[in-house]
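Q: Next comes the structure file structure_34.tsv, holding TSV, C-alpha atoms.
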```
chain	number	residue	atom	x	y	z
A	29	MET	CA	0.00	0.00	0.00
A	30	THR	CA	1.13	3.47	-0.74
A	31	SER	CA	1.90	5.35	2.45
A	32	PHE	CA	0.11	8.65	2.81
A	33	ALA	CA	2.60	9.87	5.38
A	34	LEU	CA	4.12	13.20	4.43
A	35	ALA	CA	7.58	14.31	5.37
A	36	ALA	CA	8.35	14.21	9.07
A	37	PRO	CA	7.70	17.48	10.89
A	38	ARG	CA	10.54	19.81	10.04
A	39	LEU	CA	11.67	20.66	13.54
A	40	ALA	CA	12.21	17.37	15.22
A	41	ILE	CA	14.36	18.17	18.23
A	42	SER	CA	17.58	16.23	18.42
A	43	ARG	CA	17.96	13.94	21.39
A	44	SER	CA	21.42	12.53	21.92
A	45	PRO	CA	24.18	13.67	22.01
A	46	ALA	CA	22.46	17.03	22.56
A	47	GLU	CA	20.79	15.59	25.67
A	48	GLN	CA	24.18	14.54	26.95
A	49	ASP	CA	25.44	18.07	26.46
A	50	ASP	CA	22.38	19.43	28.24
A	51	ALA	CA	22.93	17.10	31.20
A	52	THR	CA	26.53	18.27	31.53
A	53	LEU	CA	25.53	21.93	31.31
A	54	ILE	CA	22.73	21.48	33.85
A	55	ALA	CA	25.09	19.79	36.29
A	56	ARG	CA	27.56	22.66	35.92
A	57	ALA	CA	24.83	25.29	36.21
A	58	ARG	CA	23.60	23.64	39.40
A	59	GLU	CA	27.07	24.09	40.81
A	60	GLY	CA	26.87	27.79	40.06
A	61	ASP	CA	28.59	27.90	36.66
A	62	HIS	CA	26.85	30.85	35.02
A	63	GLN	CA	28.45	30.25	31.63
A	64	ALA	CA	26.93	26.78	31.51
A	65	PHE	CA	23.46	28.22	32.06
A	66	GLU	CA	24.18	30.94	29.50
A	67	ARG	CA	24.86	28.21	26.95
A	68	LEU	CA	21.52	26.60	27.70
A	69	VAL	CA	19.87	30.01	27.29
A	70	ALA	CA	21.66	30.57	23.98
A	71	THR	CA	20.71	27.11	22.70
A	72	TYR	CA	17.06	27.15	23.66
A	73	THR	CA	15.97	30.79	23.48
A	74	PRO	CA	14.97	30.60	19.77
A	75	ARG	CA	12.84	27.49	20.39
A	76	VAL	CA	11.17	28.83	23.50
A	77	TYR	CA	10.53	32.18	21.82
A	78	SER	CA	9.05	30.49	18.75
A	79	LEU	CA	6.74	28.33	20.85
A	80	VAL	CA	5.64	31.17	23.11
A	81	ARG	CA	5.13	33.61	20.28
A	82	GLN	CA	2.92	31.16	18.42
A	83	LEU	CA	0.85	30.65	21.55
A	84	LEU	CA	0.61	34.36	22.40
A	85	ARG	CA	0.66	35.78	18.85
A	86	ASN	CA	2.46	38.90	20.00
A	87	ALA	CA	6.20	39.52	19.68
A	88	ALA	CA	6.70	41.88	22.63
A	89	GLU	CA	4.76	39.67	25.02
A	90	ALA	CA	6.62	36.62	23.71
A	91	GLU	CA	9.95	38.27	24.59
A	92	ASP	CA	8.76	39.00	28.13
A	93	VAL	CA	7.44	35.50	28.65
A	94	THR	CA	10.56	33.88	27.15
A	95	GLN	CA	12.64	35.77	29.70
A	96	GLU	CA	10.27	34.73	32.46
A	97	VAL	CA	10.64	31.08	31.37
A	98	PHE	CA	14.41	31.15	31.77
A	99	PHE	CA	14.15	32.88	35.13
A	100	LYS	CA	11.79	30.16	36.31
A	101	VAL	CA	14.00	27.43	34.90
A	102	TYR	CA	17.04	28.88	36.62
A	103	ALA	CA	15.21	29.18	39.92
A	104	LYS	CA	13.87	25.61	39.63
A	105	LEU	CA	16.98	23.98	38.23
A	106	ASP	CA	17.42	21.91	41.36
A	107	SER	CA	13.95	20.43	40.95
A	108	PHE	CA	14.63	19.19	37.40
A	109	ARG	CA	14.59	15.42	37.43
A	110	GLU	CA	16.75	13.87	34.78
A	111	ASP	CA	14.26	11.14	33.93
A	112	SER	CA	12.96	13.42	31.18
A	113	ALA	CA	14.77	15.46	28.58
A	114	PHE	CA	15.66	19.01	29.53
A	115	TYR	CA	13.86	20.50	26.52
A	116	THR	CA	10.56	18.76	27.32
A	117	TRP	CA	10.77	20.18	30.84
A	118	LEU	CA	11.66	23.57	29.36
A	119	TYR	CA	8.72	23.35	26.94
A	120	ARG	CA	6.42	22.48	29.85
A	121	VAL	CA	7.56	25.56	31.76
A	122	ALA	CA	7.09	27.61	28.58
A	123	VAL	CA	3.59	26.29	27.86
A	124	ASN	CA	2.57	26.91	31.48
A	125	ALA	CA	4.00	30.45	31.44
A	126	ALA	CA	2.21	31.22	28.16
A	127	THR	CA	-1.04	29.78	29.54
A	128	ASP	CA	-0.71	31.92	32.67
A	129	HIS	CA	-0.03	34.94	30.53
A	130	LEU	CA	-3.12	34.27	28.42
A	131	LYS	CA	-5.20	33.96	31.61
A	132	LYS	CA	-3.80	37.26	32.83
A	133	ARG	CA	-4.56	38.84	29.47
A	134	ARG	CA	-8.16	37.62	29.72
A	135	ASN	CA	-8.50	38.83	33.31
A	136	ASP	CA	-7.05	42.22	32.41
A	137	ARG	CA	-9.33	42.26	29.36
A	138	THR	CA	-6.28	43.29	27.36
A	139	VAL	CA	-6.96	43.60	23.67
A	140	LEU	CA	-4.45	41.52	21.75
A	141	VAL	CA	-2.53	43.42	19.13
A	142	GLU	CA	-1.64	40.52	16.92
A	143	ASP	CA	1.44	40.80	14.81
A	144	VAL	CA	2.51	38.92	11.73
A	145	ALA	CA	4.74	36.00	12.60
A	146	ALA	CA	7.27	36.45	9.84
A	147	LEU	CA	7.77	37.55	6.32
A	148	PRO	CA	6.29	35.41	3.56
A	149	VAL	CA	8.53	32.76	2.11
A	150	VAL	CA	9.27	33.34	-1.57
A	151	ASP	CA	9.23	30.31	-3.83
A	152	GLU	CA	10.60	31.23	-7.23
A	153	THR	CA	9.08	28.20	-8.93
A	154	GLU	CA	5.55	29.37	-8.17
A	155	THR	CA	3.40	31.55	-10.37
A	156	PRO	CA	2.09	34.73	-8.71
A	157	ALA	CA	-1.36	33.14	-8.55
A	158	GLU	CA	0.03	30.07	-6.76
A	159	THR	CA	1.98	32.23	-4.35
A	160	SER	CA	-1.11	34.26	-3.60
A	161	ALA	CA	-3.22	31.14	-3.05
A	162	ARG	CA	-0.61	29.63	-0.73
A	163	GLN	CA	-0.28	32.82	1.27
A	164	ASP	CA	-4.08	33.09	1.45
A	165	LEU	CA	-4.24	29.56	2.84
A	166	ARG	CA	-1.50	30.30	5.37
A	167	SER	CA	-3.34	33.41	6.52
A	168	ALA	CA	-6.55	31.43	6.76
A	169	VAL	CA	-4.79	28.75	8.84
A	170	ARG	CA	-3.35	31.41	11.14
A	171	GLU	CA	-6.77	33.01	11.62
A	172	ALA	CA	-8.45	29.66	12.17
A	173	MET	CA	-5.81	28.69	14.75
A	174	ALA	CA	-6.59	31.89	16.63
A	175	ARG	CA	-10.24	30.83	16.81
A	176	LEU	CA	-9.51	27.40	18.26
A	177	PRO	CA	-9.98	26.73	21.96
A	178	GLU	CA	-6.67	27.21	23.75
A	179	LYS	CA	-5.96	23.54	24.44
A	180	PHE	CA	-6.49	22.66	20.76
A	181	ARG	CA	-4.32	25.53	19.63
A	182	THR	CA	-1.56	24.55	22.06
A	183	ILE	CA	-1.44	20.94	20.94
A	184	LEU	CA	-1.43	21.87	17.25
A	185	VAL	CA	1.38	24.37	17.78
A	186	LEU	CA	3.41	21.65	19.51
A	187	ARG	CA	2.66	19.07	16.84
A	188	GLU	CA	2.38	20.93	13.54
A	189	LEU	CA	4.61	23.95	14.10
A	190	GLU	CA	7.15	22.80	16.66
A	191	GLY	CA	7.27	19.27	15.27
A	192	LEU	CA	7.13	17.42	18.59
A	193	ALA	CA	6.44	13.69	18.57
A	194	TYR	CA	3.32	12.40	20.33
A	195	GLU	CA	5.46	11.05	23.16
A	196	GLU	CA	7.14	14.43	23.64
A	197	ILE	CA	3.79	16.23	23.66
A	198	ALA	CA	2.55	13.77	26.28
A	199	GLU	CA	5.53	14.69	28.47
A	200	VAL	CA	5.21	18.42	27.92
A	201	LEU	CA	1.48	18.53	28.62
A	202	ARG	CA	1.55	15.70	31.17
A	203	ILE	CA	-1.27	13.82	29.46
A	204	SER	CA	-1.48	10.25	28.21
A	205	LEU	CA	-0.56	9.24	24.67
A	206	GLY	CA	-4.19	8.37	24.03
A	207	THR	CA	-5.26	11.84	25.09
A	208	VAL	CA	-2.60	13.36	22.84
A	209	GLU	CA	-3.93	11.41	19.88
A	210	SER	CA	-7.59	12.18	20.51
A	211	ARG	CA	-6.92	15.85	21.24
A	212	ILE	CA	-4.87	16.27	18.05
A	213	PHE	CA	-7.63	14.51	16.13
A	214	ARG	CA	-10.36	16.75	17.53
A	215	ALA	CA	-8.24	19.87	17.03
A	216	ARG	CA	-7.58	18.99	13.39
A	217	GLU	CA	-11.24	18.18	12.78
A	218	LYS	CA	-12.26	21.54	14.21
A	219	LEU	CA	-9.61	23.30	12.17
A	220	LYS	CA	-10.71	21.54	8.99
A	221	LYS	CA	-14.28	22.67	9.61
A	222	LEU	CA	-13.15	26.26	10.06
A	223	LEU	CA	-11.02	26.01	6.94
A	224	ALA	CA	-13.39	24.00	4.77
A	225	PRO	CA	-13.91	26.79	2.18
A	226	ASP	CA	-10.16	27.43	1.96
A	227	LEU	CA	-9.24	23.75	1.73
A	228	GLY	CA	-11.66	23.21	-1.12
A	229	ALA	CA	-14.14	20.94	0.65
A	230	SER	CA	-17.20	20.21	-1.40
B	7	MET	CA	-14.82	0.19	8.64
B	8	ASP	CA	-16.88	3.36	8.79
B	9	CYS	CA	-15.86	6.87	7.73
B	10	ARG	CA	-15.38	8.05	11.32
B	11	GLU	CA	-12.79	5.36	11.95
B	12	THR	CA	-11.19	6.21	8.62
B	13	ALA	CA	-10.73	9.83	9.73
B	14	LEU	CA	-8.70	8.62	12.70
B	15	LEU	CA	-6.68	6.25	10.52
B	16	ILE	CA	-5.94	9.08	8.08
B	17	GLN	CA	-4.47	11.04	10.98
B	18	ARG	CA	-2.42	8.04	12.10
B	19	ASP	CA	-1.17	7.46	8.59
B	20	LEU	CA	-0.25	11.11	8.06
B	21	ASP	CA	1.64	11.09	11.34
B	22	GLY	CA	3.40	7.84	10.45
B	23	ARG	CA	1.71	5.97	13.30
B	24	ALA	CA	-0.54	3.56	11.41
B	25	THR	CA	0.21	-0.15	11.77
B	26	PRO	CA	0.52	-2.17	8.55
B	27	ASP	CA	-2.92	-3.63	9.21
B	28	GLU	CA	-4.46	-0.18	9.69
B	29	ALA	CA	-2.74	1.12	6.58
B	30	GLY	CA	-4.15	-1.80	4.59
B	31	ARG	CA	-7.70	-1.25	5.86
B	32	LEU	CA	-7.40	2.46	5.14
B	33	ALA	CA	-6.26	1.86	1.57
B	34	ALA	CA	-9.12	-0.55	0.97
B	35	HIS	CA	-11.67	1.92	2.31
B	36	LEU	CA	-10.27	4.82	0.28
B	37	GLN	CA	-10.59	2.83	-2.92
B	38	ARG	CA	-14.35	2.81	-2.57
B	39	CYS	CA	-15.09	6.01	-0.58
B	40	GLU	CA	-14.87	9.31	-2.39
B	41	ALA	CA	-15.70	11.38	0.73
B	42	CYS	CA	-12.80	9.92	2.71
B	43	THR	CA	-10.46	10.41	-0.26
B	44	ARG	CA	-11.43	14.10	-0.24
B	45	ASP	CA	-10.89	14.14	3.52
B	46	LEU	CA	-7.40	12.72	3.04
B	47	ASP	CA	-6.69	15.35	0.42
B	48	MET	CA	-7.85	18.13	2.78
B	49	ALA	CA	-5.75	16.76	5.62
B	50	GLY	CA	-2.73	16.68	3.31
B	51	ARG	CA	-3.30	20.27	2.21
B	52	LEU	CA	-3.63	21.37	5.80
B	53	ARG	CA	-0.41	19.59	6.69
B	54	ARG	CA	1.41	21.25	3.77
B	55	ALA	CA	0.03	24.65	4.81
B	56	PHE	CA	1.44	24.14	8.30
B	57	ALA	CA	4.77	22.99	6.89
B	58	ALA	CA	4.98	26.15	4.77
B	59	MET	CA	4.23	28.48	7.66
B	60	PRO	CA	7.30	30.49	8.56
B	61	ARG	CA	8.72	29.99	12.02
B	62	PRO	CA	8.81	33.23	14.01
B	63	SER	CA	12.29	34.64	13.94
B	64	CYS	CA	13.76	35.19	17.36
B	65	PRO	CA	15.39	38.58	17.99
B	66	PRO	CA	19.11	37.83	17.62
B	67	ASP	CA	20.00	39.53	20.89
B	68	LEU	CA	17.23	38.03	23.02
B	69	ALA	CA	19.38	35.24	24.51
B	70	SER	CA	22.13	37.67	25.48
B	71	ARG	CA	19.57	40.07	26.97
B	72	ILE	CA	18.12	37.23	29.03
B	73	SER	CA	21.57	36.18	30.22
B	74	ALA	CA	22.38	39.78	31.10
B	75	SER	CA	19.12	40.13	33.03
B	76	LEU	CA	19.81	36.89	34.86
B	77	ALA	CA	23.18	38.25	35.89
B	78	GLY	CA	21.73	41.63	36.72
B	79	GLY	CA	18.95	43.32	38.59
B	80	GLN	CA	16.15	40.80	38.33
B	81	ALA	CA	18.41	38.13	39.71
B	82	ALA	CA	18.21	39.74	43.11
B	83	ALA	CA	14.61	38.58	43.29
B	84	LEU	CA	15.58	34.96	42.71
B	85	PRO	CA	16.51	32.42	45.33
B	86	PRO	CA	20.30	32.60	45.55
B	87	ARG	CA	22.17	29.73	43.96
B	88	THR	CA	25.43	28.53	45.45
B	89	SER	CA	27.44	30.97	43.39
B	90	PHE	CA	27.18	32.91	40.20
B	91	GLY	CA	30.36	33.66	38.32
B	92	GLY	CA	32.26	33.44	41.56
B	93	PHE	CA	29.91	35.43	43.78
B	94	GLY	CA	26.25	35.43	44.71
B	95	TRP	CA	23.27	36.93	42.92
B	96	ARG	CA	22.75	39.60	45.51
B	97	GLN	CA	26.35	40.73	45.42
B	98	ALA	CA	26.23	40.74	41.62
B	99	ALA	CA	23.06	42.81	41.67
B	100	ALA	CA	24.50	45.20	44.22
B	101	VAL	CA	27.64	45.72	42.15
B	102	LEU	CA	25.60	46.28	39.01
B	103	LEU	CA	23.35	48.76	40.77
B	104	THR	CA	26.35	50.66	42.08
B	105	VAL	CA	27.98	50.68	38.66
B	106	ALA	CA	24.72	51.72	37.00
B	107	LEU	CA	24.13	54.62	39.36
B	108	ALA	CA	27.76	55.73	39.31
B	109	GLY	CA	27.80	55.64	35.55
B	110	LEU	CA	24.55	57.45	34.99
B	111	GLY	CA	26.24	60.81	34.56
B	112	GLY	CA	28.15	59.73	31.51
B	113	TRP	CA	25.67	57.20	30.19
B	114	PHE	CA	22.17	58.29	30.90
B	115	LEU	CA	22.48	61.84	29.66
B	116	GLY	CA	23.80	60.83	26.31
B	117	GLY	CA	27.14	59.26	27.02
B	118	ASP	CA	26.03	56.39	24.81
B	119	ARG	CA	24.58	58.61	22.14
B	120	ARG	CA	26.08	57.53	18.88
B	121	PRO	CA	24.90	59.69	16.00
B	122	THR	CA	24.34	57.54	12.96
B	123	VAL	CA	25.67	60.15	10.54
B	124	ALA	CA	28.26	62.88	10.78
B	125	GLY	CA	27.63	66.46	9.66
B	126	PRO	CA	25.46	69.44	10.52
B	127	ASN	CA	22.29	67.38	11.11
B	128	ARG	CA	24.03	64.98	13.42
B	129	HIS	CA	22.19	66.18	16.51
B	130	ALA	CA	18.76	66.05	14.86
B	131	THR	CA	19.55	62.62	13.49
B	132	ALA	CA	20.60	61.43	16.93
B	133	VAL	CA	17.36	62.75	18.44
B	134	LEU	CA	15.29	61.02	15.78
B	135	ALA	CA	17.27	57.82	16.24
B	136	GLU	CA	16.71	57.94	19.99
B	137	GLU	CA	12.98	58.54	19.50
B	138	ALA	CA	12.87	55.62	17.07
B	139	ALA	CA	14.64	53.42	19.61
B	140	TRP	CA	11.96	54.21	22.21
B	141	VAL	CA	9.20	53.55	19.68
B	142	ALA	CA	10.85	50.21	18.91
B	143	ARG	CA	10.53	49.35	22.61
B	144	GLY	CA	6.77	49.81	22.32
B	145	VAL	CA	6.55	53.43	23.47
B	146	PRO	CA	4.03	55.62	21.57
B	147	ALA	CA	5.70	58.22	19.35
B	148	SER	CA	4.42	61.18	21.38
B	149	MET	CA	5.80	59.67	24.59
B	150	ALA	CA	9.11	58.86	22.87
B	151	ALA	CA	9.41	62.52	21.88
B	152	GLU	CA	8.59	63.52	25.46
B	153	ILE	CA	11.30	61.25	26.89
B	154	VAL	CA	13.93	62.50	24.48
B	155	ALA	CA	12.87	66.09	25.27
B	156	ILE	CA	13.35	65.43	29.00
B	157	LYS	CA	16.85	64.15	28.38
B	158	GLU	CA	17.65	67.03	26.03
B	159	ARG	CA	16.41	69.55	28.60
B	160	HIS	CA	18.61	68.15	31.35
B	161	ARG	CA	21.57	67.76	29.02
B	162	ALA	CA	21.26	71.38	27.88
B	163	ALA	CA	20.99	72.60	31.48
B	164	ARG	CA	24.10	70.69	32.43
B	165	GLU	CA	26.07	71.92	29.46
B	166	THR	CA	24.99	75.56	29.57
B	167	ARG	CA	24.08	76.55	33.11
B	168	GLU	CA	26.08	74.24	35.35
B	169	ARG	CA	29.63	75.33	34.70
B	170	PRO	CA	32.18	74.73	36.11
B	171	ARG	CA	31.34	71.06	36.47
B	172	ASP	CA	30.28	69.86	39.86
B	173	PRO	CA	30.15	66.05	40.10
B	174	ALA	CA	27.66	66.12	42.97
B	175	LYS	CA	25.27	68.40	41.08
B	176	GLU	CA	25.71	66.36	37.92
B	177	ALA	CA	24.79	63.18	39.77
B	178	GLU	CA	21.73	64.92	41.21
B	179	ARG	CA	20.64	66.11	37.76
B	180	ASP	CA	21.20	62.66	36.25
B	181	GLU	CA	19.07	61.13	38.95
B	182	ARG	CA	16.33	63.70	38.41
B	183	CYS	CA	16.42	63.10	34.67
B	184	LEU	CA	16.17	59.34	35.13
B	185	ALA	CA	13.32	59.83	37.59
B	186	GLU	CA	11.36	61.90	35.07
B	187	VAL	CA	11.91	59.34	32.32
B	188	LEU	CA	10.77	56.51	34.61
B	189	PHE	CA	7.75	58.56	35.65
B	190	THR	CA	6.85	59.11	31.99
B	191	LEU	CA	7.14	55.36	31.39
B	192	SER	CA	5.05	54.47	34.43
B	193	SER	CA	1.89	54.25	32.34
B	194	LEU	CA	3.57	51.43	30.34
B	195	PRO	CA	4.38	48.81	33.00
B	196	ARG	CA	5.98	46.33	30.60
B	197	VAL	CA	8.33	48.89	29.09
B	198	LEU	CA	9.09	50.30	32.52
B	199	GLU	CA	9.99	46.84	33.79
B	200	GLU	CA	12.14	46.13	30.74
B	201	TYR	CA	13.96	49.42	31.21
B	202	ARG	CA	14.39	48.80	34.93
B	203	LEU	CA	16.03	45.46	34.14
B	204	GLU	CA	18.22	47.03	31.50
B	205	LEU	CA	19.49	49.58	34.01
B	206	GLY	CA	19.87	46.93	36.68
B	207	LEU	CA	17.72	48.86	39.15
B	208	ASP	CA	15.73	47.08	41.81
B	209	THR	CA	12.07	47.91	42.33
B	210	ALA	CA	12.71	49.80	45.57
B	211	GLU	CA	15.14	52.10	43.78
B	212	VAL	CA	12.60	52.73	41.03
B	213	ALA	CA	9.97	53.55	43.66
B	214	ARG	CA	12.38	55.98	45.31
B	215	LEU	CA	13.14	57.68	41.98
B	216	LEU	CA	9.43	57.94	41.12
B	217	SER	CA	8.79	59.54	44.50
B	218	LEU	CA	11.27	62.30	43.60
B	219	VAL	CA	8.98	63.34	40.75
B	220	ARG	CA	5.76	62.95	42.72
B	221	ARG	CA	6.99	65.09	45.60
```
Have the structure of the file written as structure tokens, please.

A:
Amino acid sequence: MTSFALAAPRLAISRSPAEQDDATLIARAREGDHQAFERLVATYTPRVYSLVRQLLRNAAEAEDVTQEVFFKVYAKLDSFREDSAFYTWLYRVAVNAATDHLKKRRNDRTVLVEDVAALPVVDETETPAETSARQDLRSAVREAMARLPEKFRTILVLRELEGLAYEEIAEVLRISLGTVESRIFRAREKLKKLLAPDLGAS
Amino acid sequence: MDCRETALLIQRDLDGRATPDEAGRLAAHLQRCEACTRDLDMAGRLRRAFAAMPRPSCPPDLASRISASLAGGQAAALPPRTSFGGFGWRQAAAVLLTVALAGLGGWFLGGDRRPTVAGPNRHATAVLAEEAAWVARGVPASMAAEIVAIKERHRAARETRERPRDPAKEAERDERCLAEVLFTLSSLPRVLEEYRLELGLDTAEVARLLSLVRR
């Protein structure tokens, strides 16, 4: 049978030997080596920022929350148990910080000023009409994601945009694999309904 | 197999999680079900749309700013670790605060002003650049102009009226200037906090400076 599987998500996070490096750096940071923690910050800031920004949809707030994440991680470094990978723990702290921030935003009744995530990607093999259609679909996906309930949006960001495996998502969100699968399924179904006209459903 | 089960199998197949048996059943169902074939096509298009979405680009200096903040003012609020670069957080914060306050005279009133172009419009260009820098921090343009005007006013006073130089008076003016800028920013808590961290000031010091303006 022909497999329908598309390419693996583009941002699969490397495990070993990166995890080995992380373990060494964490051990040194725990002993008070600031440069070791700086290296962890340098390595993981882009990933944490990307995740948080996609959850918050605002660049300035994402910068604040990314900083908050590393402050929390530093303060809690002693409580990190090495039975999970550092980045899944870091992602958990980041998701929780973003969730708290969203709650605060709702409580403050702050109006979100959403900004565009990045510049459009130019594909020189496309015709202008194809480029326009692709960008329209991307915009539609972005808007539809914003309309999803938070837990659906979070799991789709982790899966589709951050490229985490089901097992990693289960660790980050502290839910079972079965729940990961059913939640991703329901999130995608809801998204497909919202996007039906753009995806060409008949 | 019904279409509902097929929808789940499509997801498993797209995610590379379908067993050979499931993949076989899915293929058999798709051969005779047009609706599920369309569903598969939609799911594929959605997946490709996600794959084509650009990843947000992280500000290149964010990691270094975070590291600097960790080593600086905000760190004083954290539980002290055993050591940090050879000495504790609180000592590091205290040193930074001392250095920040001692250096305000040269730094805060334009010691770091680097005009982007040379020539007769250098000053105007520097003012515009400074306003733009405040706007880039998230400050409204009118407030950015106000902040730069505060600094210009104090700078002009120091350079024209307060001669010969008196280090004590200069320090007092620098402090007053900083207090007015912080007061102006106080309606923007996030920017104020960011600026506080950048200067390595603790919250008590900010409160003291704000009280200078309120008095």

Q: Can you work out which residues from chain B touch chain A at a cut-off of 8 Å (counting all atoms listed in the file) and hand them back as a ChimeraX atom specification?

A: /B:14,17,19-22,29-30,33,44,48-53,55-64,68-70,72-73,76,84-85,87-92,144

Q: Dump as a PDB file with C-alpha atoms, keeping the file's coordinate frame all residues having an atom at most 10 Å from (11.4, 47.6, 37.3), computed in the file's coordinates with all atoms listed in the file.

A:
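That gives us selection.pdb:
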```pdb
ATOM      1  CA  GLY B  79      18.950  43.320  38.590  1.00  0.00           C
ATOM      2  CA  GLN B  80      16.150  40.800  38.330  1.00  0.00           C
ATOM      3  CA  LEU B 188      10.770  56.510  34.610  1.00  0.00           C
ATOM      4  CA  SER B 192       5.050  54.470  34.430  1.00  0.00           C
ATOM      5  CA  PRO B 195       4.380  48.810  33.000  1.00  0.00           C
ATOM      6  CA  ARG B 196       5.980  46.330  30.600  1.00  0.00           C
ATOM      7  CA  VAL B 197       8.330  48.890  29.090  1.00  0.00           C
ATOM      8  CA  LEU B 198       9.090  50.300  32.520  1.00  0.00           C
ATOM      9  CA  GLU B 199       9.990  46.840  33.790  1.00  0.00           C
ATOM     10  CA  GLU B 200      12.140  46.130  30.740  1.00  0.00           C
ATOM     11  CA  TYR B 201      13.960  49.420  31.210  1.00  0.00           C
ATOM     12  CA  ARG B 202      14.390  48.800  34.930  1.00  0.00           C
ATOM     13  CA  LEU B 203      16.030  45.460  34.140  1.00  0.00           C
ATOM     14  CA  GLU B 204      18.220  47.030  31.500  1.00  0.00           C
ATOM     15  CA  LEU B 205      19.490  49.580  34.010  1.00  0.00           C
ATOM     16  CA  GLY B 206      19.870  46.930  36.680  1.00  0.00           C
ATOM     17  CA  LEU B 207      17.720  48.860  39.150  1.00  0.00           C
ATOM     18  CA  ASP B 208      15.730  47.080  41.810  1.00  0.00           C
ATOM     19  CA  THR B 209      12.070  47.910  42.330  1.00  0.00           C
ATOM     20  CA  ALA B 210      12.710  49.800  45.570  1.00  0.00           C
ATOM     21  CA  GLU B 211      15.140  52.100  43.780  1.00  0.00           C
ATOM     22  CA  VAL B 212      12.600  52.730  41.030  1.00  0.00           C
ATOM     23  CA  ALA B 213       9.970  53.550  43.660  1.00  0.00           C
TER      24      ALA B 213
END
```

Q: Using all atoms listed in the file, determine which residues lie at most 12 Å from Ser112 (chain A), disregarding the query and same-chain residues fewer than 4 positions distant; provide the list as an MDAnalysis selection string.

A: chainID A and resid 43 47 50:51 108 116:120 195:196 198:200 202

Q: Calculate how many Å separate CA of Ala64 (chain A) from CA of Pro65 (chain B), rounding to one decimal.

A: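 We find that CA of Ala64 (chain A) and CA of Pro65 (chain B) lie 21.3 Å from each other.
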
Q: In Å, with one decimal, what is the gap from CA of Arg182 (chain B) to CA of Arg143 (chain B)?

A: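 Interatomic distance here is 22.1 Å.
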
Q: Record the distance separating CA of Glu136 (chain B) and CA of Leu218 (chain B), expressed in Å with one decimal.

A: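 CA of Leu218 (chain B) lies 24.6 Å from CA of Glu136 (chain B).
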